[in-house]
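Undergrad: Handing you this structure, nothing more for now.
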Amino acid sequence: MTNTNNRRQPSLAISLIPIAVLIAGLVSIVIFLGADAVQEMSHGVLLTSAAVCAAIALIYCRRPARAMLTGMRKSATQVLPTLPILLMIATVSATWMLSGVVPTLISYGIHLLEPKAFLVTACATCAVISVLTGSSWTTIATIGVAFMGIGTVWGYNPAWTAGAIISGAYFGDKVSPLSDTTVLASSTCGVSLFTHIRYLMWTSVPSIVITLIVFGVAGFLTPISNGMQTHSIVENLSQIFNLTPWTLLIPAATVTLIVLRLNTALTLAISTLMGIASIFIFQPSILQTIEGSGTLSITSHIVTIIKILVTETSIATGDELLDSLVSTGGMEGMLPTIYLILSAMIFGGALMGSGMLSTITHSITKRVRKSRSTVLSTVGSGLMLNACTGDQYLSIILNGNLYRNLYRRNGLEPRLLSRSIEDSTSVTSVLIPWNSCGLTQSAVLGVATLHYLPYCIFNLVSPVLTLVFAWLGFRIRAIGKRAVA
């Protein structure tokens, strides 16, 4: 039996050591290797920080091994279910490209959209689709990929395009009653779903208005590629793919399945199967190009489809820009992202199992008394938890449980807590390079997290506006006893 008297609760200074190691490692990578290397090398830094955390807990704090395992299990419970979703997103991305869905969307988008209004249109469209589906991930992995292609053809900086897509998708996800994070934030804080959403609108609507204005100005100031180059790319697309509106039945059916609340993995699997069928029906020439000049048979078709789903597939078009546009990574292309997510899961589990995360969060909250500092603390904790746990769901749960009693004690409404969590934890997860959200969207859109971060206007404005409203005391009512500003 473990002697509990010999245990030491980690102090705040001790608890901050693994985080300091993490920050020092990441800063060193940026300084010496550049921002592009962060996602490539973050797993080593995360695992090193986790090892430092475990060593301090087991040797210095005499923490029992089973406590560390409990923390790992808690972290794994939240993170591991997302991994099959990531692999399915990779298969959807590959089949939608080679079946002609994405090329058709790109072609129609170039013909129908106003180039200068592209960023605003991308943001607004992703917002609407995300509201309907309740899923930022699915929105970004489908229509978002098409917008990236359109933006590339018109000469937009990929970071600006990614920022517009992510901003719109996360606004829709945040205010949709179908969103799992919205339901989780409201239920964790004991607030009815629609009360939570109505209160969210006070910060979300001004945030998205500011966002659309910024993207409108940015689009107006962006020089657009000349019409001849754009026409050439569209012409090449039409020569390689059969651009038919029938392929658009696939995204329409996918959105319908999501709205009907079908299981996400099953929806993505069905979408992949529709994409595979579309390759055979609409793009037989693409299939023949990938298979080569060998004898075509059922076996060769099966092998080719497995190759498309699992490995990188490229089509030589004679145009370097178009080559990069139509290439796909398959499940193999998602593996670096999965490795990094697992590394973040181990780091988060070590912090929880060692008791260091608890020490840090309680150190933040124990002196909080005023409404301004309470909201500031909530937002700060959301950012910290996103960075430490690497998972937005776990961060939402921990943040809600951590602050529920504090808000009650300080006479603040629980809906203020649920809104503060959504305005910070939910929307900033995509800005952390090793968080599951940041990793996924970076892999899907092909833009490094630190590159698109400054352009995710909605995700940056939301927490700032929450703090401004708290400072002003706008729409903040006291309950029980009067809250002090």
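Convention: chains lettered A, B, ... in structure tokens order; per-chain residue numbering from 1; ligands numbered from 1 as shown.
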Taking the DSSP secondary structure from the backbone, can you list the residues of region 206-423 of chain A that are helix (DSSP H, G or I), as a VMD selection string?

TA: chain A and resid 206 to 221 227 to 240 245 to 259 264 to 282 284 to 291 298 to 310 320 to 326 330 to 354 356 to 365 371 to 389 392 to 409 414 to 423

Undergrad: Show which residues sit within 10 Å of Ile106 (chain A), as a PyMOL selection string. Count only C-alpha atoms, and ignore same-chain residues fewer than 6 positions away.

TA: chain A and resi 100+112+143+145-151+153+234+237+243

Undergrad: Which residues are near Leu266 (chain A)? Cut-off 10 Å, only C-alpha atoms, ignore same chain within fewer than 5 positions. Put them as a list in words.

TA: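 Contacts, with the query itself left out: Ile85, Met88, Leu257, Ile258, Ser271 and Thr272 of chain A.
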
Undergrad: Could you write those residues out with N, CA, C and O atoms, as a CSV table (one decimal), in the first residue's frame?

TA:
chain,number,residue,atom,x,y,z
A,85,ILE,N,-12.0,9.8,-37.0
A,85,ILE,CA,-12.6,10.9,-37.8
A,85,ILE,C,-11.6,11.5,-38.7
A,85,ILE,O,-11.9,11.9,-39.8
A,88,MET,N,-11.0,9.4,-41.7
A,88,MET,CA,-12.2,9.5,-42.6
A,88,MET,C,-12.2,10.8,-43.3
A,88,MET,O,-12.5,10.9,-44.5
A,257,LEU,N,-27.1,14.5,-44.4
A,257,LEU,CA,-26.9,13.5,-43.4
A,257,LEU,C,-26.4,14.1,-42.1
A,257,LEU,O,-26.8,13.6,-41.0
A,258,ILE,N,-25.6,15.1,-42.2
A,258,ILE,CA,-25.1,15.8,-41.0
A,258,ILE,C,-26.3,16.5,-40.3
A,258,ILE,O,-26.4,16.4,-39.1
A,271,SER,N,-20.0,9.4,-47.3
A,271,SER,CA,-19.5,10.4,-48.3
A,271,SER,C,-18.3,9.9,-49.1
A,271,SER,O,-18.2,10.1,-50.3
A,272,THR,N,-17.4,9.1,-48.4
A,272,THR,CA,-16.3,8.5,-49.1
A,272,THR,C,-16.7,7.5,-50.2
A,272,THR,O,-16.2,7.5,-51.3

Undergrad: Produce a table with one row for each residue of region 307-351 of chain A that has an atom at most 12 Å from any atom of region 423-432 of chain A, each row naming the nearest atom pair and its distance in Å at one decimal; use only C-alpha atoms; arrange rows by chain and rising residue number; format as a Markdown table.

TA:
| residue | atom | partner | partner_atom | distance |
| --- | --- | --- | --- | --- |
| A:Leu340 | CA | A:Ile432 | CA | 11.9 |
| A:Ile341 | CA | A:Ile432 | CA | 11.4 |
| A:Ala344 | CA | A:Ile432 | CA | 10.9 |

Undergrad: Can you measure CA of Asp323 (chain A) to CA of Gly34 (chain A) for me? One decimal in Å is fine.

TA: 26.0 Å

Undergrad: To one decimal in Å, tell me the separation between CA of Lys74 (chain A) and CA of Leu394 (chain A).

TA: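 Between CA of Lys74 (chain A) and CA of Leu394 (chain A) the gap works out to 8.7 Å.
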
Undergrad: Between A:Thr304, A:Ser187, A:Ala162, A:Ser11, which has the minimum distance to Ala448 (chain A) (counting only C-alpha atoms)?

TA: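 Looking at the shortest contact to Ala448 (chain A), the residue is A:Ala162.
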
Undergrad: Tell me which of A:Val368, A:Val120, A:Ala350, A:Ile240 sits closest to Ser15 (chain A), counting only C-alpha atoms.

TA: A:Ala350

Undergrad: Point out the residue among A:Ser327, A:Thr440, A:Ser225, A:Thr374 with the least atom-to-atom distance to Gly155 (chain A), counting only C-alpha atoms.

TA: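 For Gly155 (chain A), the nearest of the candidates is A:Ser225.
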
Undergrad: Between A:Leu472, A:Asn410, A:Asp180, A:Cys388, which is the closest to Arg367 (chain A) once you count only C-alpha atoms?

TA: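 Nearest to Arg367 (chain A): A:Asn410.
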